[in-house]
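The data block below is structure32.cif; it holds mmCIF, C-alpha atoms.
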data_final
#
loop_
_atom_site.label_atom_id
_atom_site.label_comp_id
_atom_site.auth_asym_id
_atom_site.auth_seq_id
_atom_site.Cartn_x
_atom_site.Cartn_y
_atom_site.Cartn_z
CA MET P 5 -0.31 -5.76 -19.59
CA GLN P 6 1.90 -8.85 -19.52
CA LEU P 7 5.64 -8.73 -19.71
CA ASN P 8 7.32 -11.30 -21.87
CA THR P 9 9.88 -12.90 -19.64
CA PRO P 10 12.13 -15.51 -21.20
CA THR P 11 11.68 -18.99 -19.88
CA PRO P 12 14.82 -20.64 -18.61
CA PRO P 13 16.19 -23.36 -20.87
CA ASN P 14 15.33 -26.92 -19.97
CA PRO P 15 18.65 -28.57 -19.02
CA SER P 16 17.44 -31.99 -20.17
CA VAL P 17 16.98 -30.61 -23.69
CA SER P 18 20.18 -28.59 -23.82
CA ASN P 19 23.30 -29.90 -25.51
CA GLY P 20 25.44 -28.00 -23.05
CA PRO P 21 27.34 -29.51 -20.14
CA PRO P 22 25.63 -30.10 -16.79
CA ALA P 23 26.78 -28.26 -13.67
CA ASP P 24 28.75 -31.31 -12.50
CA ALA P 25 30.52 -31.76 -15.84
CA GLY P 26 33.97 -31.78 -14.23
CA LYS P 27 33.15 -34.79 -12.06
CA LEU P 28 31.59 -36.58 -15.03
CA ILE P 29 34.59 -35.88 -17.26
CA ARG P 30 37.10 -37.08 -14.66
CA ALA P 31 35.12 -40.26 -13.92
CA TRP P 32 34.67 -40.98 -17.64
CA ARG P 33 38.33 -40.31 -18.40
CA HIS P 34 39.36 -42.82 -15.74
CA ARG P 35 36.89 -45.46 -17.05
CA ALA P 36 38.14 -44.83 -20.59
CA GLY P 37 41.77 -45.22 -19.49
CA LEU P 38 42.84 -41.76 -20.64
CA THR P 39 45.21 -39.29 -19.04
CA GLN P 40 44.35 -35.60 -18.98
CA GLU P 41 47.00 -35.12 -21.63
CA GLY P 42 45.57 -37.92 -23.78
CA LEU P 43 42.04 -36.52 -23.54
CA ALA P 44 43.32 -33.04 -24.34
CA HIS P 45 45.08 -34.37 -27.44
CA SER P 46 41.94 -36.24 -28.58
CA LEU P 47 39.86 -33.06 -28.27
CA SER P 48 42.51 -30.66 -29.63
CA VAL P 49 42.56 -28.65 -26.40
CA THR P 50 45.33 -28.07 -23.88
CA PHE P 51 46.06 -30.23 -20.85
CA SER P 52 45.30 -27.21 -18.63
CA THR P 53 41.84 -26.87 -20.22
CA VAL P 54 40.97 -30.46 -19.25
CA SER P 55 42.35 -29.79 -15.76
CA ARG P 56 40.21 -26.65 -15.37
CA TRP P 57 37.09 -28.60 -16.49
CA GLU P 58 37.76 -31.43 -14.06
CA ASN P 59 38.51 -29.12 -11.15
CA GLY P 60 35.31 -27.15 -11.75
CA HIS P 61 37.03 -23.87 -12.55
CA VAL P 62 35.20 -23.63 -15.87
CA LEU P 63 32.58 -25.64 -17.76
CA PRO P 64 33.37 -26.95 -21.22
CA SER P 65 31.70 -25.07 -24.04
CA ARG P 66 28.72 -26.68 -25.79
CA LEU P 67 31.01 -27.53 -28.68
CA ALA P 68 33.57 -29.17 -26.38
CA TRP P 69 30.81 -31.05 -24.52
CA ARG P 70 29.46 -32.43 -27.81
CA ALA P 71 33.00 -33.43 -28.80
CA LEU P 72 33.36 -35.24 -25.46
CA GLN P 73 30.05 -37.05 -26.05
CA GLN P 74 31.18 -38.05 -29.54
CA LEU P 75 34.54 -39.29 -28.28
CA ALA P 76 32.80 -41.30 -25.56
CA ALA P 77 30.49 -42.87 -28.14
CA GLU P 78 33.42 -43.70 -30.43
CA ARG P 79 35.26 -45.37 -27.55
CA GLY P 80 32.14 -47.31 -26.51
CA CYS P 81 32.36 -45.89 -22.98
CA ALA P 82 29.40 -43.63 -22.15
CA LEU P 83 30.12 -40.26 -20.60
CA VAL P 84 27.66 -40.77 -17.74
CA GLU P 85 27.53 -43.80 -15.46
CA THR P 86 24.32 -44.63 -13.59
CA GLU P 87 24.15 -45.60 -9.91
CA ASN P 88 24.07 -49.34 -10.67
CA GLY P 89 27.26 -49.11 -12.69
CA ALA P 90 25.58 -49.14 -16.10
CA THR P 91 26.27 -46.35 -18.52
CA ALA P 92 23.70 -43.87 -19.73
CA PRO P 93 23.66 -41.04 -22.27
CA SER P 94 24.24 -37.57 -20.86
CA ASN P 95 21.80 -34.66 -21.00
CA GLY P 96 18.80 -36.71 -22.01
CA ALA P 97 20.32 -37.94 -25.24
CA SER P 98 18.70 -41.09 -26.53
CA THR P 99 20.48 -44.22 -27.62
CA ASN P 100 17.35 -45.33 -29.52
CA GLY P 101 17.25 -48.59 -27.64
CA ALA P 102 20.91 -49.41 -28.27
CA HIS P 103 22.96 -50.58 -25.32
CA VAL P 104 26.37 -49.03 -24.95
#

Starting from the coordinates I provided, produce the structure as structure tokens.
Amino acid sequence: MQLNTPTPPNPSVSNGPPADAGKLIRAWRHRAGLTQEGLAHSLSVTFSTVSRWENGHVLPSRLAWRALQQLAAERGCALVETENGATAPSNGASTNGAHV
């Protein structure tokens, strides 16, 4: 008799934030030229929420992470920066060949 054990979600397919979301958010915010207060206003969250994300006290919700990704796309400044300084989509999202 086999037990049906749930398989863990594949993080590259998930729309949720990665474990290091706080570092990514802070680095992106600096590249985008935003203050914590400015980012909070753009996302309709409080300054303290952005601070808690960046300091790793809490991860943003999936909805907040998608809003961050959308804001990054609108500003033309990708949320994730690669090692060579280029920007890349976060969480396996595709740009369909477009360069950001």

* Close residues, region 66-80 of chain P itself excluded, 6 Å, only C-alpha atoms, min 3 positions apart in chain, as a list of chain:residue names -> P:Gly20, P:Pro21, P:Leu83

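The nearest approach to Val49 (chain P) among the residues P:Ala23, P:Glu85, P:Ser65, P:Gly37, with only C-alpha atoms taken into account, belongs to P:Ser65.
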
* To do: Report the distance between CA of Gly26 (chain P) and CA of Trp57 (chain P) in Å, rounded to one decimal place.
  => 5.0 Å

* **Distance query Val54 (chain P) at most 10 Å, only C-alpha atoms, self and fewer than 6 positions along chain excluded, as a list in words** => Gly26, Ile29, Arg30, Thr39, Gln40, Glu41, Gly42, Leu43, Ala44, His45, Leu47, Gly60, Val62, Leu63 and Pro64 of chain P
